[in-house]
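Trainee: One structure, as structure tokens, below. Some questions next.
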Amino acid sequence: MTTAAVVGSGPNGLAAAITLARAGVSVTVIESSGAPGGGMHSAELLEPGVLHDLCSSIHPMAVSSPFFRSVDLASHGLSFAWPEVQLAHPLDDGTAGSLLRGVDQTAAALGRDATLWRATFAPFVSRIDDLMEDVTAPPLHLLKHPLLFTLFGANVAVPAAASLRRWRTPRTRALFAGVAAHVFTRLDLPLSSSVGMLLTAAAQAEGWPVAVGGSQAIARAMTAEAEKLGVRIITGTTVTDLDQLTTLTGGRPDITFLDTSPGAAADLLAGHQPARQARAYRRFRAGSAAFPVHYVIRGGVPWTADDARRAGCVHVCGDAADVIAAERDCARGIMPDRPFVLVSQQYLADPSRSAGDLHPLDVYAHVPAGYSGDATEIITAQIERFAPGFRDTIVSSTSLSTTDLERSNPNLVGGDIIGGHSGPVQLLARPVLSPYPYRTGVPGVYLCSASTPPGAGVHGMSGHNAATLALQEMPT
Ligand SMILES: Cc1cc2nc3c(=O)[nH]c(=O)nc-3n(C[C@H](O)[C@H](O)[C@H](O)COP(=O)(O)OP(=O)(O)OC[C@H]3O[C@@H](n4cnc5c(N)ncnc54)[C@H](O)[C@@H]3O)c2cc1C
């Protein structure tokens, strides 16, 4: 029987394990943290009964991922819940741009932009499954939906800052700029619209749901499915040398998967990896970072904009120019005075996370890579700007520096939560320009983390693609 070791149990490590086990491979997963899941952890951090998502919180990619659709995670108790408004982006005048499920519903509130909005997004919203199939596949694949993919490509090639000019109202421009900012880099770079286009289409097609019981519920369901297929999961063990795997898996594994950063992979493969590929792994740049703050609030956030009171996610920054400036500053290593802040109000869709009128609010700001300051006050002030009285609702809070983030998970290099800078070069060469970017250059060893296509998010497709390639390359 073929044996495999998977180092790391984030969504990609677990997806690789499930894909391999489904093909009859005997799989062992080794995870350094005390529990499997990587970026899918939840905990009662501050007050009893108030459940926070420590990393990922909103799951548009999970519900539309071809891998997730291929696994019956509902049978392991996983369910999603949707807020009334998927995303709100409040402005200083008290209004907000919002994403709703349904392109007509979203367009209806966008005034003079409604017709163009509908024309731009309807093709992708109506065929989100087809789009996801091609967008999440390995770079070199036979396109299943070439016309749709070409139309998408034409839209994402334009830098986000330039593509904003098509919108006539400040509300629409701010709304799209905020979603585009999920790319975590300057919005005047080519391909900087890519993440924005996909997430905006996904919000209108499938919504931006949350996992009932916290993102940890996804990890639990994936773990249960893996174990049902016979996968062995070892936690609390950091792999520092691939020779360790021989002991841990009871024999040298035939194939190995690294759900790690490229730099960590180069360390593990030192002496074995071709020099050119090792250099590319070590040169692979981390992106701008996140600075999370978890609040417990009493009542709700007193947003001025009504839509923000009903939204699962709120983008806090200001108008499109503010978003562009905040991302540019972070990319230059400057902490913005008014950073881009993402506020997750998952409890609106999943009230089981609250205790009475105490609610969790999981927030992070975009900050420069490796930022060493404390952004807590600046984040609180940004929220207060659009929700006067917010400070009075805070019962307790805790924040994590970029160093804390990397300590909690070595993949979060310098606080980068998206697996590497996503400028145009690294979006295409992730982490190397190759039709098979999962190959490490060492026979039988594959990289499968968010630093490989299709990139960040809880979708499992990097792990699934790497495992599928390995199965194809296995000697028969
Ligand atoms: C604060 C934050 C907010 C986010 N919000 C969202 C969101 O709302 N929606 C969304 O879709 N995504 C979100 N993300 C991103 C998402 O969590 C990641 O893109 C995703 O988890 C990447 O999956 P992965 O499997 O590649 O790696 P990870 O999830 O990072 O998992 C890697 C695992 O490997 C383990 N590991 C690494 N090295 C070793 C080693 N040498 N030995 C043993 N174990 C090792 C780590 O401990 C970790 O558990 C967020 C991330 C963070 C941090």
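The chains in the structure tokens are called A, B, ... from first to last as shown; in each chain the residues are counted from 1, and the ligands are counted from 1 in the order shown.
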Would you please extract all strand (DSSP E or B) residues from region 394-462 of chain A, as assigned by DSSP on the backbone, and give them as a PyMOL selection string?

Mentor: chain A and resi 394-399+439+445-447

Trainee: What are the DSSP alpha helix (DSSP H) residues of region 53-265 of chain A, as a ChimeraX atom specification?

Mentor: /A:60-64,66-69,103-108,114-126,128-135,146-157,160-163,170-180,194-205,216-228,244-249,262-265

Trainee: Using only C-alpha atoms, find the one residue out of A:Ile255, A:Val103, A:Leu51, A:Leu191 that sits nearest to Thr120 (chain A).

Mentor: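 Among A:Ile255, A:Val103, A:Leu51, A:Leu191, it is A:Val103 that comes nearest to Thr120 (chain A).
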
Trainee: With only C-alpha atoms as the counted atoms, please give the residues lying no more than 9 Å from region 170-172 of chain A, apart from itself and same-chain residues fewer than 6 positions off, as a PyMOL selection string.

Mentor: chain A and resi 89-91+95-98+110+113+117+164+319-320

Trainee: Would you list the contacts of Leu131 (chain A) as a list of chain:residue names, taking every protein, DNA or RNA residue within 9 Å and counting only C-alpha atoms, but skipping same-chain residues closer than 3 positions in sequence?

Mentor: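 Result of the neighbour search: A:Phe124, A:Val125, A:Arg127, A:Ile128, A:Asp134, A:Val135, A:Thr136, A:His145, A:Leu148, A:Phe149, A:Phe152, A:Leu198.
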
Trainee: Within 6 Å of His359 (chain A), counting only C-alpha atoms, which residues qualify if same-chain residues fewer than 2 places away don't, as a list in words?

Mentor: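 The neighbour list is Val296, Ile297 and Ser354 of chain A.
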
Trainee: Pick out the residues sitting within 8 Å of Tyr438 (chain A), and hand them over as an NGL selection string; count only C-alpha atoms, and ignore anything fewer than 2 positions along from it in its own chain.

Mentor: :A and (436 or 440 or 446-448 or 452 or 466)

Trainee: For the residues in that selection, give me C-alpha atoms as a PDB file, in the first residue's frame.

Mentor:
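Once everything was written out, this is selection.pdb:
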```pdb
ATOM      1  CA  TYR A 436       3.269  22.045 -11.724  1.00  0.00           C
ATOM      2  CA  THR A 440       9.299  20.869  -4.859  1.00  0.00           C
ATOM      3  CA  TYR A 446       4.978  18.272  -2.817  1.00  0.00           C
ATOM      4  CA  LEU A 447       4.176  21.740  -1.461  1.00  0.00           C
ATOM      5  CA  CYS A 448       0.426  22.071  -0.832  1.00  0.00           C
ATOM      6  CA  THR A 452       0.553  27.360  -4.106  1.00  0.00           C
ATOM      7  CA  ALA A 466      -1.164  18.727  -5.064  1.00  0.00           C
TER       8      ALA A 466
END
```

Trainee: Could you name the residues that touch Ala219 (chain A) at 8 Å or less, counting only C-alpha atoms, but leaving out those on the same chain fewer than 2 positions away, as a compact mmCIF listing (two decimals) with N, CA, C and O atoms, in the first residue's frame?

Mentor:
```txt
# COMPACT_ATOMS: atom_id res chain seq x y z
N PRO A 11 -6.51 23.62 6.19
CA PRO A 11 -7.49 23.09 5.22
C PRO A 11 -6.81 22.40 4.05
O PRO A 11 -7.34 21.41 3.52
N PRO A 36 -5.81 19.75 15.11
CA PRO A 36 -5.73 19.99 13.67
C PRO A 36 -6.59 21.18 13.25
O PRO A 36 -7.52 21.54 13.96
N GLY A 37 -6.27 21.76 12.11
CA GLY A 37 -7.16 22.81 11.57
C GLY A 37 -6.44 24.02 10.99
O GLY A 37 -7.01 24.73 10.18
N MET A 40 -8.32 27.35 10.93
CA MET A 40 -9.74 27.13 11.26
C MET A 40 -9.88 26.82 12.75
O MET A 40 -10.24 25.71 13.13
N HIS A 41 -9.55 27.80 13.56
CA HIS A 41 -9.62 27.59 15.02
C HIS A 41 -10.60 28.56 15.65
O HIS A 41 -10.65 29.73 15.29
N SER A 215 -15.44 28.52 12.98
CA SER A 215 -14.67 27.93 11.88
C SER A 215 -14.08 26.58 12.28
O SER A 215 -13.80 25.73 11.43
N GLN A 216 -13.89 26.40 13.58
CA GLN A 216 -13.38 25.12 14.10
C GLN A 216 -14.26 23.95 13.66
O GLN A 216 -13.78 22.82 13.51
N ALA A 217 -15.55 24.25 13.42
CA ALA A 217 -16.48 23.18 13.00
C ALA A 217 -16.05 22.61 11.66
O ALA A 217 -16.27 21.43 11.38
N ALA A 221 -15.06 18.69 11.11
CA ALA A 221 -15.71 17.85 10.08
C ALA A 221 -14.66 17.27 9.13
O ALA A 221 -14.75 16.09 8.76
N MET A 222 -13.67 18.07 8.75
CA MET A 222 -12.62 17.55 7.84
C MET A 222 -11.83 16.45 8.54
O MET A 222 -11.49 15.43 7.95
N THR A 223 -11.53 16.67 9.82
CA THR A 223 -10.78 15.68 10.59
C THR A 223 -11.59 14.38 10.69
O THR A 223 -11.06 13.27 10.51
```

Trainee: For a quick check of understanding, using only C-alpha atoms and all ligand atoms, which of A:Phe386, A:Tyr364, A:Phe340, A:Phe68 has the smallest distance to ligand 1?

Mentor: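 Ranked by minimum distance to ligand 1, first place goes to A:Tyr364.
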
Trainee: Check the smallest atom-to-atom distance from each of A:Pro83, A:Leu142, A:Ala23, A:Val195 to Gly457 (chain A) using only C-alpha atoms, then report the winner.

Mentor: A:Val195

Trainee: Calculated over only C-alpha atoms, which of the candidates A:Ser288, A:Ser65, A:Gln382, A:Gln426 has the smallest distance to Gly414 (chain A)?

Mentor: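 Selected residue with least distance to Gly414 (chain A): A:Ser288.
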
Trainee: If I take CA of Ser408 (chain A) and CA of Val71 (chain A), how far is one from the other in Å, to one decimal?

Mentor: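 Computing it gives 28.2 Å between the two atoms.
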